[in-house]
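Enquirer: Got a file for you: structure.cif, mmCIF, C-alpha atoms and all ligand atoms.
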data_run
loop_
_atom_site.label_atom_id
_atom_site.label_comp_id
_atom_site.auth_asym_id
_atom_site.auth_seq_id
_atom_site.Cartn_x
_atom_site.Cartn_y
_atom_site.Cartn_z
CA MET A 185 59.22 29.58 139.19
CA HIS A 186 56.32 28.47 141.35
CA ALA A 187 56.38 24.68 141.65
CA ALA A 188 53.06 22.88 141.38
CA THR A 189 52.00 21.05 144.53
CA PRO A 190 50.82 17.44 144.12
CA TRP A 191 47.26 18.72 144.68
CA GLN A 192 47.65 20.97 141.71
CA ALA A 193 49.30 18.16 139.81
CA VAL A 194 46.14 16.05 140.17
CA ASP A 195 43.71 18.96 139.96
CA GLU A 196 45.29 20.45 136.89
CA ARG A 197 45.71 17.26 134.88
CA SER A 198 44.61 18.18 131.40
CA ASP A 199 41.94 15.48 131.46
CA ARG A 200 40.60 16.20 134.94
CA LEU A 201 36.96 17.12 135.08
CA PRO A 202 35.88 20.59 136.11
CA GLY A 203 34.13 20.82 139.46
CA PRO A 204 35.16 20.42 143.09
CA SER A 205 38.81 19.69 143.87
CA VAL A 206 39.95 16.22 144.92
CA ARG A 207 40.43 17.48 148.46
CA ALA A 208 36.86 18.86 148.58
CA ILE A 209 35.47 15.53 147.32
CA TYR A 210 37.52 13.61 149.90
CA THR A 211 36.55 15.93 152.74
CA ALA A 212 32.88 15.26 151.89
CA LYS A 213 33.62 11.52 151.66
CA ALA A 214 35.36 11.49 155.08
CA ALA A 215 32.42 13.39 156.58
CA ALA A 216 29.96 10.87 155.09
CA ILE A 217 31.90 7.83 156.43
CA ALA A 218 32.32 9.43 159.88
CA THR A 219 28.56 10.19 159.99
CA ILE A 220 27.74 6.56 159.15
CA LEU A 221 30.06 5.36 161.95
CA LEU A 222 28.55 7.79 164.44
CA LEU A 223 24.97 6.88 163.52
CA MET A 224 25.78 3.17 163.84
CA TRP A 225 27.16 3.67 167.34
CA LEU A 226 24.21 5.85 168.38
CA ILE A 227 21.81 3.14 167.14
CA LYS A 228 23.76 0.47 169.02
CA LEU A 229 23.88 2.47 172.25
CA PHE A 230 20.31 3.79 172.29
CA VAL A 231 18.10 1.80 169.94
CA PHE A 232 19.21 -1.64 168.85
CA ARG A 233 21.92 -3.26 170.93
CA ASP A 234 22.44 -6.17 168.50
CA VAL A 235 24.00 -4.01 165.78
CA PRO A 236 27.56 -5.41 165.26
CA ALA A 237 29.03 -1.92 165.54
CA VAL A 238 32.53 -3.04 166.59
CA ARG A 239 32.87 -5.37 163.63
CA TYR A 240 31.65 -2.76 161.13
CA SER A 241 33.85 -0.08 162.71
CA ILE A 242 36.87 -2.34 162.10
CA ILE A 243 35.78 -2.79 158.47
CA ILE A 244 35.04 0.88 157.81
CA THR A 245 37.88 2.56 159.75
CA PRO A 246 40.75 1.73 157.30
CA GLY A 247 38.71 3.35 154.50
CA LEU A 248 38.10 6.41 156.69
CA LEU A 249 41.80 6.67 157.57
CA ALA A 250 42.83 6.37 153.91
CA THR A 251 40.30 9.07 153.04
CA LEU A 252 41.60 11.36 155.81
CA ALA A 253 45.16 10.69 154.62
CA VAL A 254 44.20 11.94 151.15
CA VAL A 255 42.66 15.08 152.70
CA ALA A 256 45.77 15.77 154.80
CA TRP A 257 48.40 14.75 152.25
CA ARG A 258 50.86 17.46 151.16
CA GLY A 259 53.64 15.31 149.74
CA GLU A 260 54.38 13.67 146.40
CA ALA A 261 52.55 10.81 144.68
CA LEU A 262 48.98 11.72 145.56
CA VAL A 263 47.74 9.51 142.73
CA TRP A 264 49.13 6.43 144.51
CA LEU A 265 47.50 7.47 147.76
CA LEU A 266 44.19 7.84 145.93
CA ALA A 267 44.64 4.39 144.38
CA ALA A 268 45.41 2.94 147.84
CA SER A 269 42.31 4.62 149.24
CA PHE A 270 40.15 3.11 146.49
CA ALA A 271 41.69 -0.30 147.11
CA ALA A 272 40.83 0.08 150.82
CA ASP A 273 37.25 1.02 149.87
CA ILE A 274 36.79 -2.00 147.60
CA THR A 275 38.28 -4.33 150.22
CA ALA A 276 36.01 -2.84 152.92
CA VAL A 277 32.95 -3.32 150.69
CA THR A 278 33.94 -6.97 150.08
CA VAL A 279 34.46 -7.69 153.80
CA GLY A 280 31.20 -5.86 154.50
CA ILE A 281 29.38 -8.08 151.98
CA HIS A 282 30.81 -11.17 153.69
CA PHE A 283 29.60 -10.11 157.14
CA GLY A 284 26.35 -8.71 155.78
CA GLY A 285 24.95 -11.86 154.18
CA GLY A 286 27.27 -12.83 151.30
CA VAL A 287 25.48 -13.06 147.93
CA ASP A 288 22.21 -12.25 149.68
CA ASN A 289 23.58 -8.80 150.45
CA ILE A 290 22.43 -6.73 147.50
CA SER A 291 23.67 -3.39 148.82
CA GLY A 292 27.29 -4.55 148.34
CA PRO A 293 27.34 -4.29 144.52
CA VAL A 294 25.72 -0.83 144.82
CA LEU A 295 28.60 0.27 147.09
CA TYR A 296 31.13 -1.16 144.60
CA ALA A 297 29.44 0.89 141.87
CA LEU A 298 29.71 4.06 144.02
CA VAL A 299 33.44 3.50 144.44
CA ILE A 300 33.81 2.91 140.68
CA VAL A 301 31.98 6.18 139.90
CA LEU A 302 34.25 8.06 142.30
CA VAL A 303 37.36 6.47 140.74
CA GLY A 304 36.15 7.51 137.28
CA LEU A 305 35.57 11.09 138.37
CA VAL A 306 38.68 11.58 140.52
CA LEU A 307 41.31 9.48 138.73
CA SER A 308 40.51 8.54 135.16
CA GLU A 309 38.17 6.52 132.97
CA GLY A 310 40.75 3.70 132.70
CA ALA A 311 41.01 3.55 136.49
CA ALA A 312 37.21 3.08 136.69
CA TYR A 313 37.54 -0.10 134.59
CA VAL A 314 40.45 -1.28 136.78
CA ALA A 315 38.23 -0.68 139.85
CA ALA A 316 35.40 -2.63 138.17
CA ALA A 317 37.79 -5.50 137.45
CA GLY A 318 39.19 -5.44 141.01
CA SER A 319 35.69 -5.40 142.54
CA SER A 320 34.54 -8.26 140.28
CA ILE A 321 37.58 -10.38 141.20
CA LEU A 322 37.19 -9.79 144.95
CA TYR A 323 33.45 -10.44 144.75
CA GLY A 324 34.05 -13.62 142.73
CA LEU A 325 36.67 -14.84 145.27
CA LEU A 326 34.30 -14.14 148.15
CA VAL A 327 31.39 -16.00 146.57
CA TRP A 328 33.69 -18.91 145.64
CA ALA A 329 35.16 -19.07 149.21
CA GLU A 330 31.66 -19.12 150.69
CA GLN A 331 30.57 -21.71 148.15
CA CYS A 332 33.50 -23.98 149.09
CA ARG A 333 32.83 -23.23 152.77
CA LEU A 334 36.32 -21.77 153.17
CA LEU A 335 34.51 -18.81 154.69
CA ALA A 336 31.62 -19.45 157.05
CA HIS A 337 28.34 -17.60 156.57
CA GLN A 338 27.95 -14.82 159.03
CA VAL A 339 24.22 -14.19 158.77
CA PRO A 340 21.89 -16.98 159.93
CA TYR A 341 19.34 -16.68 157.12
CA SER A 342 21.88 -16.49 154.29
CA LYS A 343 23.12 -19.57 152.53
CA PRO A 344 25.65 -20.30 149.76
CA ALA A 345 24.29 -19.29 146.39
CA ASP A 346 22.85 -22.09 144.28
CA ASP A 347 23.78 -20.15 141.19
CA ALA A 348 27.08 -18.62 142.35
CA ALA A 349 28.64 -18.38 138.90
CA ALA A 350 25.58 -16.63 137.45
CA THR A 351 25.52 -14.19 140.38
CA VAL A 352 29.20 -13.32 139.94
CA ILE A 353 28.78 -12.85 136.18
CA LEU A 354 25.69 -10.67 136.69
CA VAL A 355 27.40 -8.49 139.32
CA SER A 356 30.54 -8.18 137.14
CA VAL A 357 28.47 -7.09 134.12
CA TYR A 358 26.72 -4.56 136.36
CA LEU A 359 30.05 -3.19 137.65
CA PHE A 360 31.57 -2.89 134.17
CA LEU A 361 28.38 -1.16 133.05
CA ALA A 362 28.82 1.33 135.91
CA ALA A 363 32.43 1.92 134.76
CA TRP A 364 31.25 2.42 131.18
CA VAL A 365 28.50 4.86 132.23
CA VAL A 366 30.88 6.95 134.36
CA SER A 367 33.56 7.04 131.67
CA TYR A 368 30.99 7.96 129.01
CA ALA A 369 29.59 10.74 131.23
CA ALA A 370 33.10 11.96 132.09
CA ARG A 371 34.04 12.06 128.39
CA GLN A 372 30.92 14.06 127.53
CA ILE A 373 31.42 16.56 130.37
CA ARG A 374 35.08 16.90 129.48
CA ALA A 375 34.29 17.53 125.80
CA ILE A 376 31.82 20.30 126.70
CA TYR A 377 34.30 21.81 129.14
CA GLN A 378 37.19 21.67 126.66
CA ARG A 379 35.05 23.26 123.94
CA ALA A 380 34.09 26.11 126.29
CA GLU A 381 37.74 26.54 127.30
CA ARG A 382 38.85 26.57 123.67
CA MET A 383 36.22 29.18 122.76
CA ARG A 384 37.22 31.28 125.76
CA SER A 385 40.92 31.24 124.90
CA GLU A 386 40.14 31.97 121.23
CA ALA A 387 38.07 34.95 122.40
CA VAL A 388 40.91 36.21 124.59
CA SER A 389 43.43 36.00 121.74
CA ALA A 390 40.89 37.59 119.36
CA LEU A 391 40.40 40.41 121.85
CA SER A 392 44.14 41.06 122.11
CA HIS A 393 44.42 40.98 118.34
CA ASP A 394 41.38 43.23 117.87
CA LEU A 395 42.65 45.75 120.38
CA LYS A 396 46.02 45.94 118.66
CA SER A 397 44.71 47.49 115.45
CA PRO A 398 42.67 50.43 116.92
CA LEU A 399 45.46 51.12 119.40
CA SER A 400 48.11 51.26 116.68
CA ILE A 401 45.83 53.55 114.63
CA ILE A 402 45.46 55.87 117.64
CA HIS A 403 49.20 55.77 118.26
CA GLY A 404 50.08 56.41 114.59
CA TYR A 405 47.69 59.32 114.02
CA ALA A 406 48.52 60.90 117.39
CA GLU A 407 52.20 60.98 116.34
CA MET A 408 51.39 62.38 112.88
CA ALA A 409 49.01 65.02 114.30
CA ASP A 410 51.89 67.06 115.74
CA ALA A 411 53.34 68.04 112.38
CA ALA A 412 50.04 68.04 110.42
CA THR A 413 48.14 70.96 108.91
CA PRO A 414 44.95 71.99 110.77
CA THR A 415 42.74 70.27 108.15
CA ASP A 416 44.71 67.03 108.35
CA ARG A 417 44.74 67.24 112.12
CA ALA A 418 40.94 67.41 112.22
CA ASP A 419 40.81 64.34 109.99
CA TYR A 420 43.31 62.49 112.19
CA LEU A 421 41.32 63.33 115.29
CA ARG A 422 38.18 61.84 113.72
CA ARG A 423 40.11 58.68 112.90
CA ILE A 424 41.48 58.54 116.43
CA GLN A 425 37.96 58.97 117.79
CA HIS A 426 36.72 56.12 115.59
CA ALA A 427 39.54 53.79 116.61
CA ALA A 428 38.98 54.64 120.29
CA GLN A 429 35.28 53.80 119.86
CA GLN A 430 36.22 50.41 118.38
CA ALA A 431 38.55 49.67 121.28
CA LEU A 432 35.92 50.78 123.80
CA ASP A 433 33.26 48.55 122.18
CA LEU A 434 35.56 45.56 122.54
CA VAL A 435 36.43 46.26 126.15
CA HIS A 436 32.76 46.93 127.00
CA ASN A 437 31.70 43.61 125.49
CA VAL A 438 34.28 41.65 127.47
CA LEU A 439 33.43 43.48 130.70
CA ASP A 440 29.68 43.05 130.11
CA ALA A 441 30.08 39.33 129.42
CA THR A 442 32.10 38.89 132.62
CA ALA A 443 29.53 40.87 134.61
CA ILE A 444 26.69 38.78 133.17
CA GLU A 445 28.59 35.64 134.19
CA GLU A 446 28.80 36.83 137.78
CA ARG A 447 25.27 38.21 138.18
CA SER A 448 22.31 38.65 135.86
CA ILE A 449 21.66 42.08 134.37
CA VAL A 450 19.38 44.37 136.35
CA PRO A 451 18.37 47.28 134.08
CA LYS A 452 18.19 50.77 135.61
CA VAL A 453 14.89 51.67 134.03
CA GLU A 454 13.94 55.23 133.07
CA PRO A 455 11.81 56.80 130.32
CA VAL A 456 13.71 56.43 127.05
CA ARG A 457 13.06 58.05 123.68
CA LEU A 458 14.18 55.29 121.36
CA ASN A 459 14.61 57.58 118.34
CA ASP A 460 17.05 59.78 120.29
CA LEU A 461 18.99 56.71 121.36
CA VAL A 462 19.15 55.44 117.78
CA GLN A 463 20.41 58.88 116.68
CA GLN A 464 23.22 58.70 119.28
CA VAL A 465 24.25 55.23 118.09
CA PHE A 466 24.01 56.42 114.48
CA ASP A 467 26.37 59.36 115.23
CA LEU A 468 28.75 57.04 117.02
CA TYR A 469 29.09 54.61 114.11
CA GLN A 470 28.81 56.98 111.16
CA LEU A 471 32.54 57.41 111.04
CA ALA A 472 33.13 53.66 111.01
CA ALA A 473 30.63 53.33 108.16
CA GLU A 474 32.27 56.17 106.21
CA GLY A 475 35.64 54.49 106.70
CA LYS A 476 34.29 51.46 104.79
CA GLU A 477 32.26 53.57 102.37
CA ILE A 478 29.12 51.98 103.76
CA GLN A 479 25.92 53.95 103.50
CA LEU A 480 24.46 54.10 107.01
CA THR A 481 20.86 55.32 107.24
CA ALA A 482 18.33 55.59 110.05
CA ALA A 483 14.55 55.59 109.56
CA ARG A 484 12.83 56.72 112.73
CA ALA A 485 9.13 55.93 113.16
CA SER A 486 6.96 58.90 114.08
CA ASP A 487 4.87 58.91 117.29
CA LEU A 488 7.13 56.28 118.86
CA PRO A 489 5.96 55.87 122.47
CA VAL A 490 8.42 56.62 125.28
CA LEU A 491 9.55 53.27 126.67
CA ASP A 492 10.79 52.16 130.08
CA ALA A 493 14.31 50.84 129.65
CA ASP A 494 17.94 51.21 130.64
CA PRO A 495 19.34 53.68 128.06
CA GLN A 496 22.97 52.60 128.53
CA LEU A 497 22.23 48.91 128.07
CA LEU A 498 19.94 49.60 125.12
CA SER A 499 22.47 51.74 123.29
CA ARG A 500 25.05 48.99 123.89
CA ALA A 501 22.71 46.41 122.34
CA ILE A 502 21.83 48.57 119.33
CA GLY A 503 25.50 49.60 119.01
CA ASN A 504 26.56 45.94 118.88
CA LEU A 505 24.04 45.21 116.11
CA VAL A 506 25.14 48.26 114.09
CA SER A 507 28.86 47.60 114.56
CA ASN A 508 28.33 43.97 113.46
CA ALA A 509 26.38 45.09 110.40
CA ILE A 510 29.27 47.38 109.40
CA LYS A 511 31.87 44.75 110.25
CA TYR A 512 30.21 41.96 108.24
CA THR A 513 29.36 44.05 105.16
CA ASP A 514 31.74 44.68 102.28
CA ARG A 515 32.95 48.13 101.27
CA GLY A 516 30.22 50.07 99.45
CA GLY A 517 27.33 48.21 101.12
CA THR A 518 24.38 49.61 103.03
CA VAL A 519 23.29 49.37 106.66
CA ARG A 520 19.84 50.58 107.63
CA ILE A 521 18.59 51.17 111.16
CA ALA A 522 14.82 51.48 111.59
CA THR A 523 12.48 51.90 114.54
CA ALA A 524 8.84 50.82 114.65
CA TRP A 525 6.15 50.08 117.20
CA GLN A 526 3.13 47.89 117.48
CA GLU A 527 0.67 47.73 120.38
CA ARG A 528 2.91 46.98 123.39
CA ASP A 529 6.30 46.56 121.69
CA VAL A 530 8.89 48.75 120.03
CA THR A 531 11.34 47.30 117.55
CA VAL A 532 14.76 48.38 116.35
CA THR A 533 15.79 46.70 113.13
CA VAL A 534 19.33 46.69 111.77
CA GLU A 535 19.49 45.51 108.19
CA ASP A 536 22.56 45.07 106.02
CA ASN A 537 23.37 43.70 102.61
CA GLY A 538 26.56 42.06 103.80
CA TYR A 539 27.92 38.52 104.02
CA GLY A 540 24.84 36.89 105.60
CA ILE A 541 24.83 33.94 107.99
CA PRO A 542 24.38 30.23 107.13
CA ALA A 543 20.96 28.93 108.28
CA GLU A 544 22.53 26.29 110.56
CA ASP A 545 24.35 29.03 112.55
CA LEU A 546 21.37 31.31 113.12
CA THR A 547 20.58 30.16 116.66
CA ARG A 548 24.16 29.35 117.66
CA ILE A 549 25.48 32.90 117.11
CA PHE A 550 23.62 34.18 120.18
CA GLN A 551 25.58 31.86 122.44
CA LYS A 552 28.63 33.04 124.33
CA TYR A 553 31.91 32.98 122.33
CA SER A 554 30.03 31.55 119.36
CA ARG A 555 31.14 32.72 115.93
CA SER A 556 30.16 31.90 112.38
CA GLY A 557 31.34 32.42 108.83
CA SER A 558 34.34 31.31 106.89
CA ARG A 559 35.61 34.86 106.19
CA ARG A 560 38.39 35.77 108.55
CA VAL A 561 36.82 38.70 110.40
CA GLU A 562 38.23 39.05 113.90
CA GLY A 563 35.83 38.99 116.82
CA THR A 564 35.24 37.64 120.29
CA GLY A 565 31.80 36.07 119.78
CA LEU A 566 30.42 38.09 122.69
CA GLY A 567 28.44 40.88 120.95
CA LEU A 568 25.23 39.00 120.13
CA TYR A 569 25.32 37.11 123.44
CA ILE A 570 25.27 40.47 125.22
CA VAL A 571 22.47 41.74 122.95
CA ARG A 572 20.42 38.65 123.82
CA CYS A 573 21.05 39.09 127.58
CA ILE A 574 20.13 42.79 127.43
CA ALA A 575 16.94 42.01 125.46
CA ALA A 576 15.97 39.27 127.94
CA ALA A 577 16.65 41.54 130.93
CA HIS A 578 14.08 43.97 129.47
CA GLY A 579 11.56 41.19 128.81
CA GLY A 580 12.23 41.46 125.07
CA SER A 581 13.91 39.35 122.41
CA VAL A 582 16.29 39.52 119.47
CA ARG A 583 15.68 37.74 116.18
CA VAL A 584 17.58 37.35 112.94
CA THR A 585 16.78 36.50 109.37
CA SER A 586 19.64 36.11 106.95
CA GLU A 587 20.71 34.78 103.61
CA VAL A 588 24.31 34.04 102.73
CA GLY A 589 25.59 36.57 100.18
CA LYS A 590 22.48 38.75 100.49
CA GLY A 591 22.58 40.16 103.99
CA SER A 592 21.07 39.96 107.48
CA THR A 593 18.31 41.65 109.44
CA PHE A 594 18.46 41.72 113.25
CA SER A 595 15.33 42.84 115.13
CA LEU A 596 15.44 43.84 118.76
CA ALA A 597 11.89 43.81 120.17
CA LEU A 598 11.23 45.41 123.57
CA PRO A 599 8.05 45.81 125.58
CA ILE A 600 7.16 49.48 126.13
CA HIS A 601 6.45 48.82 129.81
CA PRO A 602 8.44 45.74 130.81
CA ARG A 603 7.15 43.81 133.79
CA GLY A 604 9.54 43.15 136.67
CA CYS A 605 12.47 45.33 135.70
P1 LIG B 701 31.81 38.67 116.92
O1 LIG B 701 31.31 39.65 115.92
O2 LIG B 701 32.78 39.26 117.88
O3 LIG B 701 32.29 37.41 116.30
P2 LIG B 701 29.05 38.45 117.79
O4 LIG B 701 28.46 37.72 118.94
O5 LIG B 701 28.74 39.89 117.67
O6 LIG B 701 30.60 38.21 117.87
O7 LIG B 701 28.57 37.72 116.48
C1 LIG B 701 28.60 36.31 116.40
C2 LIG B 701 28.74 35.86 114.95
O8 LIG B 701 27.54 36.18 114.24
C3 LIG B 701 29.85 36.58 114.20
O9 LIG B 701 31.06 35.84 114.33
C4 LIG B 701 29.34 36.58 112.77
O10 LIG B 701 29.73 35.40 112.11
C5 LIG B 701 27.84 36.54 112.90
N1 LIG B 701 27.22 37.88 112.65
C6 LIG B 701 26.79 38.76 113.58
N2 LIG B 701 26.24 39.84 112.99
C7 LIG B 701 26.31 39.62 111.66
C8 LIG B 701 25.91 40.37 110.50
N3 LIG B 701 25.29 41.53 110.58
N4 LIG B 701 26.16 39.82 109.28
C9 LIG B 701 26.77 38.61 109.17
N5 LIG B 701 27.17 37.86 110.22
C10 LIG B 701 26.96 38.36 111.44
#
Step by step, read the file and then write its structure as structure tokens.
Ligand code: ADP
Expert:
Amino acid sequence: MHAATPWQAVDERSDRLPGPSVRAIYTAKAAAIATILLLMWLIKLFVFRDVPAVRYSIIITPGLLATLAVVAWRGEALVWLLAASFAADITAVTVGIHFGGGVDNISGPVLYALVIVLVGLVLSEGAAYVAAAGSSILYGLLVWAEQCRLLAHQVPYSKPADDAAATVILVSVYLFLAAWVVSYAARQIRAIYQRAERMRSEAVSALSHDLKSPLSIIHGYAEMADAATPTDRADYLRRIQHAAQQALDLVHNVLDATAIEERSIVPKVEPVRLNDLVQQVFDLYQLAAEGKEIQLTAARASDLPVLDADPQLLSRAIGNLVSNAIKYTDRGGTVRIATAWQERDVTVTVEDNGYGIPAEDLTRIFQKYSRSGSRRVEGTGLGLYIVRCIAAAHGGSVRVTSEVGKGSTFSLALPIHPRGC
């Protein structure tokens, strides 16, 4: 078995946020620190000789080395190395505050907050609070030491704070607030990510389940066809054709959704006679409707103008609406496809008297992997998402009206001459 490297161990923690890997974050951090060092030396050499570049290099370098160590590390216990690197950062910020004006240095608490945000994103929410506590303690000790003159002031204009306790309390509250904000944000992002992951894995298992039934139908009837009478064989072949269509629909939807994820749809536009397309879809799904004793009808408007569209994408969209209507309607129901046109738009309407959709789900169902309904009908939640993407790619839209227990009507509206596709 392939053993996980420590990088994977941190990257694949169940609660780690999506996004760049720890190594990518640390490479960027090392580059940022090195750039600051370089700029400081350039300023000292060519612009402002008084910059205490040596002192600040000594303060910053341990943090840079710890960061580079994290980037280069291949061994065990990466989490501890990360913790050590954060400790080095917080110490460097504290020493930097001391040499940069003590309590008068207001950029120090901002740097603490940056470290806390990074801890929250890379390690965990709890670690962000630990970093806030550590920063507050170090800051408090520094202010106290300056107050008691244990540490001399390094900047001529700065002086011990008159209100040291209030300053420390204020900075601590600010740092804990930063920890709270980062942990709240991390929780929200994680919840969205986990929901998307859950929906994706449900869709994958639904797809495998959905594919199983048409494939076993094909397998079963193909075996029976050998010994069957010619009449039975013709019937079996029709059933096989229907099951193959079901399986193809499923695979197409998954492939389309993946393709949409990678690049947006670019329709290959050509003149399309919508009524002919509807007839093809009708023929394709008639068998499925017959199988459920559903009455499938098509009302084609006369004088329908020829429209500019991608026929393959359009038949996929209409096919998804019709297959849904059949899928979500009980035996003996009706599904009606109708075409119409008005000024610059054509419309395909698919109406059924099936289960209907609760009002609160009507917008959600067009989102990827989104499903609705308490009845256990298998599905991937991709069909309507693809319909919406295809409609949008043609400059059109898809709408739904529905009532639970009465049925649903989906309308796909498309401009006759879409602009820009
Ligand atoms: P899937 O059918 O694979 O679940 P879709 O994206 O095609 O995915 O549909 C999303 C949801 O919308 C379905 O889970 C179903 O609850 C609901 N839905 C779609 N079409 C209809 C319809 N004609 N009647 C009732 N519900 C429907």
Enquirer: Please provide the set of residues having any atom within 8 Å of segment 492-503 of chain A, restricted to all atoms listed in the file, with same-chain residues fewer than 3 positions apart removed, written as a ChimeraX atom specification.
Expert: /A:451-456,461-462,465,469,506-507,532,570-571,574-575,578,596,600-602
Enquirer: If you count all atoms listed in the file, which residues fall within 10 Å of Arg520 of chain A, apart from same-chain ones fewer than 3 positions away, as number ranges by chain?
Expert: A: 466, 479-483, 506, 509, 533-537, 593
Enquirer: To check your reading of the model: which residues sit at most 6 Å from ligand LIG 701 (chain B) when counting all atoms listed in the file? Write the answer as a list in words.
Expert: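 So, counting all atoms listed in the file, the residues near ligand LIG 701 (chain B) are Asn508, Ala509, Tyr512, Gly538, Tyr539, Gly540, Ile541, Ile549, Ser554, Arg555, Ser556, Gly557, Gly563, Thr564, Gly565, Leu566, Gly567, Leu568, Tyr569 and Ser592 of chain A.
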Enquirer: Could you check how far atom CA of Ala348 of chain A sits from atom CA of Asn289 of chain A, in Å to one decimal?
Expert: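 Distance between the two atoms: 13.2 Å.
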Enquirer: Counting only C-alpha atoms, figure out which residue out of A:Thr585, A:Ser367, A:Ser291, A:Thr531 gets nearest to Ala311 of chain A.
Expert: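 Once distances to Ala311 of chain A are computed over only C-alpha atoms, the minimum belongs to A:Ser367.
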Enquirer: Provide the atom CA of Phe550 of chain A to atom CA of Thr442 of chain A distance in Å, to one decimal place.
Expert: 15.8 Å
Enquirer: Write out as JSON, numbers by chain each polymer residue whose atoms come within 8 Å of Ile424 of chain A, counting only C-alpha atoms; drop sequence neighbours fewer than 2 positions from it.
Expert: {"A": [401, 402, 405, 406, 420, 421, 422, 426, 427, 428]}
Enquirer: Keeping only C-alpha atoms, write the selected residues to a file as a compact mmCIF listing (two decimals), in the coordinates of the input.
Expert:
# COMPACT_ATOMS: atom_id res chain seq x y z
CA ILE A 401 45.83 53.55 114.63
CA ILE A 402 45.46 55.87 117.64
CA TYR A 405 47.69 59.32 114.02
CA ALA A 406 48.52 60.90 117.39
CA TYR A 420 43.31 62.49 112.19
CA LEU A 421 41.32 63.33 115.29
CA ARG A 422 38.18 61.84 113.72
CA HIS A 426 36.72 56.12 115.59
CA ALA A 427 39.54 53.79 116.61
CA ALA A 428 38.98 54.64 120.29
Enquirer: For the atom pair atom CA of Ala212 of chain A and atom CA of His282 of chain A, what is the interatomic distance in Å to one decimal place?
Expert: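 The value is 26.6 Å.
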Enquirer: Choose the residue, out of A:Gly259, A:Pro398, A:Pro489, A:Gly284, that has the smallest atom-to-atom separation from Pro236 of chain A; count all atoms listed in the file.
Expert: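 Among the listed residues, A:Gly284 lies closest to Pro236 of chain A.
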Enquirer: With distances taken over only C-alpha atoms, which of A:Ile242, A:Ala369, A:Ala272, A:Ala387 is nearest to Ser308 of chain A?
Expert: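 Checking each candidate against Ser308 of chain A, we get A:Ala369 as the closest.
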Enquirer: Name the residues in contact with Glu330 of chain A at a cut-off of 10 Å, using all atoms listed in the file, excluding same-chain residues fewer than 3 positions from it; report them as a list in words.
Expert: His282, Gly286, Val287, Gly324, Leu325, Leu326, Val327, Arg333, Leu334, Leu335, Ala336, His337, Lys343, Pro344, Ala345 and Ala348 of chain A
Enquirer: Produce a file of the selected residues containing C-alpha atoms, as a short mmCIF file (atom, residue, chain, number, x, y, z; two decimals), in the frame of the given file.
Expert:
data_model
loop_
_atom_site.label_atom_id
_atom_site.label_comp_id
_atom_site.auth_asym_id
_atom_site.auth_seq_id
_atom_site.Cartn_x
_atom_site.Cartn_y
_atom_site.Cartn_z
CA HIS A 282 30.81 -11.17 153.69
CA GLY A 286 27.27 -12.83 151.30
CA VAL A 287 25.48 -13.06 147.93
CA GLY A 324 34.05 -13.62 142.73
CA LEU A 325 36.67 -14.84 145.27
CA LEU A 326 34.30 -14.14 148.15
CA VAL A 327 31.39 -16.00 146.57
CA ARG A 333 32.83 -23.23 152.77
CA LEU A 334 36.32 -21.77 153.17
CA LEU A 335 34.51 -18.81 154.69
CA ALA A 336 31.62 -19.45 157.05
CA HIS A 337 28.34 -17.60 156.57
CA LYS A 343 23.12 -19.57 152.53
CA PRO A 344 25.65 -20.30 149.76
CA ALA A 345 24.29 -19.29 146.39
CA ALA A 348 27.08 -18.62 142.35
#
Enquirer: Which residue out of A:Glu381, A:Glu477, A:Glu562, A:Glu587 has the minimum interatomic distance to Glu544 of chain A when only C-alpha atoms are used?
Expert: A:Glu587
Enquirer: Check the smallest atom-to-atom distance from each of A:Ile217, A:Leu248, A:Ala524, A:Leu262 to Asp487 of chain A using only C-alpha atoms, then report the winner.
Expert: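 When distances to Asp487 of chain A are compared using only C-alpha atoms, the smallest one comes from A:Ala524.
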Enquirer: Taking all atoms listed in the file into account, name the residue in A:Asp416, A:Gln551, A:Gly589, A:Thr278 that is nearest to Met383 of chain A.
Expert: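 Smallest separation from Met383 of chain A among the options: A:Gln551.
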Enquirer: List the neighbours of Ala216 of chain A out to 12 Å using only C-alpha atoms; skip same-chain residues closer than 4 positions along the sequence, and give me the result as a list in words.
Expert: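 Answer for this query is Ile209, Tyr210, Thr211, Ala212, Ile220, Leu221, Leu222, Leu223, Ile244, Gly247, Leu248, Thr251 and Leu252 of chain A.
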